[in-house]
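Student: Mind having a look at this structure? Questions to follow.
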Amino acid sequence: MYSHPLSHLKKAVLAAAVVLLTAGTARPDPAVYRKALSSTGWVVVPGKGGTSSGTCWLADRRDRLAVTCRHVVGEAHEALLYFPRHEDGRPIVEAKRYLCDYQAVAAQVIATDPARDLAVLRLSSVPDGVQALTLAERSCSPGDDVHSVGNSGLREGLGNGSLWWYTRGSVRQVHRRRVKVEGGSRQVWMVETQAPVNEGDSGGPVVDRKGQLVGVTTSYSGDQRLVSQNVDVREVRAFLEEARGKLIKAEKADPAPSPTGTWTISTEAEDGKPMAGEGEFRGDGTFVLSQPGKPLKGRYAYANGQLWLILDKGLAQCCPSWKGNDHFRVKMGTACLTFDRSPPTEVVEEIGEP
């Protein structure tokens with residue numbers, strides 16, 4: 001019996017489809033996503049060379065510890081974190097909403113490990129509803145289903161993208177990888193998965209079907225299909241124990257300069273005449289700068305020597321030149337603004353006639 005080549009093609013396509021369906025054992029699990037999301041954060045790291053971002057997760061609510069990748073924070077000493085907010089029972093995903101409407105959580109980088117590509121952050125506070133992830137007692141195995149949450153939807157910029165992307169896949173292998181470090185090399189336990197992670201997912205939690213952490217997303221293989229590398233839970237546990245010994249040192253660190261407070265602002269107009277105004281950086285993370293014809297309102301954050309002004313039209317990143325905590329200068333565009341602490345209002349007590 002003669003068969004048309006197209007019939008063979010149809011059979012081949014059908015067979016391939018069956019293989020793909022049977023091989024793709026990792027099924028979407030909204031419950032696991034919600035559990036992982038309740039611990040996941042967005043890491044923003046302002047620096048002199050620009051702003052980087054990635055993903056983190058809460059490891060210890062009592063000690064206010066979060067974990068991300070070392071390559072996300074780089075050499076920075078501080079980071080800004082945002083955790084999921086909800087509206088009508090659903091997480092808000094627009095990144096701009098977080099920048100404009102919510103105050104960032106300040107975090108201090110207290111420990112990093114280049115070989116493991118991990119960093120531990122100490123948060124100034126933990127928002128209500130954010131839960132610490134439980135670390136799995138054992139590593140996962142080939143064939144296990146895994147799920148992760150990350151922030152890879154920011155390719156169009158921090159103010160135009162979206163957060164809290166869900167990825168699922170299966171474990172290909174748990175293996176030791178030799179990593180070059182200063183003075184030699186180290187063996188690090190890694191979990192290789194078949195999961196489509198992307199830039200911005202780094203530092204995010206990889207969890208099993210129980211919602212327990214089995215790894216931390218660190219990289220993907222550009223020369224292989226759907227292959228991602230994740231730091232194994234045993235490395236995460238060991239690094240966290242090492243980092244806890246640095247908590248006391250972090251508590252004693254000198255506080256960084258802060259713009260919080262009321263200021264007088266001076267600058268020069270194009271005609272050379274001085275212009276004066278007032279400004280207030282409030283404790284809730286909002287600011288108001290009032291100058292003739294140039295009022296500015298928005299949110300602010302200060303980290304790594306960078307004053308981060310979040311405006312409706314975008315972000316303005318400045319590097320203040322401090323003289324103590326009572327005077328600093330900032331370049332904004334072609335203007336240079338000088339900020340001085342406003343003197344306290346003198347209270348004059350009225351004395352009545354005897």
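Following the order of the structure tokens, chains are lettered A, B, ..., residues in each are numbered from 1, and ligands are numbered from 1.
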What's the 9 Å shell around range 278-281 of chain A, counting only C-alpha atoms, without same-chain residues fewer than 2 positions away, as a PyMOL selection string?

Tutor: chain A and resi 259-266+276+283-291+299-300+339+342

Student: Write out as a list in words each polymer residue whose atoms come within 10 Å of Val32 in chain A, counting only C-alpha atoms; drop sequence neighbours fewer than 3 positions from it.

Tutor: Pro28, Asp29, Lys35, Ala36, Leu37, Val146, His147, Ser148, Val207, Asp208, Arg209, Lys210, Gly211 and Gln212 of chain A

Student: Which residues of range 192-234 of chain A come within 9 Å of range 110-125 of chain A, and what is each one's closest atom pair and distance in Å (one decimal), counting only C-alpha atoms, sorted by chain and residue number, as JSON lines?

Tutor:
{"residue": "A:Gly203", "atom": "CA", "partner": "A:Leu118", "partner_atom": "CA", "distance": 7.7}
{"residue": "A:Val216", "atom": "CA", "partner": "A:Leu118", "partner_atom": "CA", "distance": 8.5}
{"residue": "A:Thr218", "atom": "CA", "partner": "A:Asp117", "partner_atom": "CA", "distance": 7.2}
{"residue": "A:Val231", "atom": "CA", "partner": "A:Arg116", "partner_atom": "CA", "distance": 6.8}

Student: Restricting it to C-alpha atoms, dump the selection as a tab-separated table (two decimals), in the first residue's frame.

Tutor:
chain	number	residue	atom	x	y	z
A	203	GLY	CA	18.19	35.50	42.93
A	216	VAL	CA	18.22	29.86	43.87
A	218	THR	CA	21.52	32.14	39.11
A	231	VAL	CA	22.41	27.07	43.51

Student: Skipping near chain neighbours, those fewer than 6 positions away, what residues fall within 12 Å of range 224-227 of chain A using only C-alpha atoms, listed as an mmCIF file with C-alpha atoms, in the first residue's frame?

Tutor:
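And here's out-v4.cif as it stands now:
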data_model
loop_
_atom_site.group_PDB
_atom_site.id
_atom_site.type_symbol
_atom_site.label_atom_id
_atom_site.label_comp_id
_atom_site.auth_asym_id
_atom_site.auth_seq_id
_atom_site.Cartn_x
_atom_site.Cartn_y
_atom_site.Cartn_z
ATOM 1 C CA THR A 167 8.265 29.594 35.608
ATOM 2 C CA ARG A 168 8.022 25.830 35.932
ATOM 3 C CA GLY A 169 10.270 23.032 34.762
ATOM 4 C CA SER A 170 11.911 19.781 35.744
ATOM 5 C CA VAL A 171 15.267 18.883 37.232
ATOM 6 C CA ARG A 172 17.808 17.543 34.742
ATOM 7 C CA GLN A 173 20.582 16.841 37.240
ATOM 8 C CA VAL A 191 20.667 22.116 40.287
ATOM 9 C CA GLU A 192 20.340 22.087 36.519
ATOM 10 C CA THR A 193 16.754 22.469 35.371
ATOM 11 C CA GLN A 194 14.804 22.534 32.186
ATOM 12 C CA ALA A 195 13.134 25.889 32.830
ATOM 13 C CA PRO A 196 12.993 29.097 30.740
ATOM 14 C CA VAL A 197 14.507 31.694 33.082
ATOM 15 C CA ASN A 198 15.752 35.070 31.850
ATOM 16 C CA THR A 217 18.113 30.919 40.221
ATOM 17 C CA THR A 218 21.520 32.142 39.109
#

Student: Considering only C-alpha atoms, state which residue in the set A:Trp164, A:Lys331, A:Val188, A:Val109 is at the smallest distance from Ala243 in chain A.

Tutor: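 Selected residue with least distance to Ala243 in chain A: A:Val109.
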
Student: When you draw a straight line from CA of Val174 in chain A to CA of Val214 in chain A, how long is it in Å?

Tutor: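 So the answer is 10.8 Å.
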
Student: Report the residues of range 130-238 of chain A whose backbone DSSP state falls under alpha helix (DSSP H), written as a list in words.

Tutor: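 Reading the DSSP output for range 130-238 of chain A, alpha helix (DSSP H) covers Val233, Arg234, Glu235, Val236, Arg237 and Ala238 of chain A.
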
Student: Those same residues - C-alpha atoms - I'd like them written as an mmCIF file, in the first residue's frame.

Tutor:
data_model
loop_
_atom_site.group_PDB
_atom_site.id
_atom_site.type_symbol
_atom_site.label_atom_id
_atom_site.label_comp_id
_atom_site.auth_asym_id
_atom_site.auth_seq_id
_atom_site.Cartn_x
_atom_site.Cartn_y
_atom_site.Cartn_z
ATOM 1 C CA VAL A 233 19.701 24.273 48.839
ATOM 2 C CA ARG A 234 22.614 22.736 50.758
ATOM 3 C CA GLU A 235 24.847 25.615 49.574
ATOM 4 C CA VAL A 236 22.153 28.127 50.527
ATOM 5 C CA ARG A 237 21.826 26.673 54.029
ATOM 6 C CA ALA A 238 25.583 26.704 54.614
#

Student: Quick one: pull the distance between CA of Val130 in chain A and CA of Lys297 in chain A, Å, one decimal.

Tutor: 29.0 Å

Student: Quick one: residues within 10 Å of range 302-307 of chain A, only C-alpha atoms counted, chain neighbours fewer than 6 positions away excluded, as a PyMOL selection string?

Tutor: chain A and resi 44-48+50-51+75-80+104+106-108+256-260+285+316-322+330
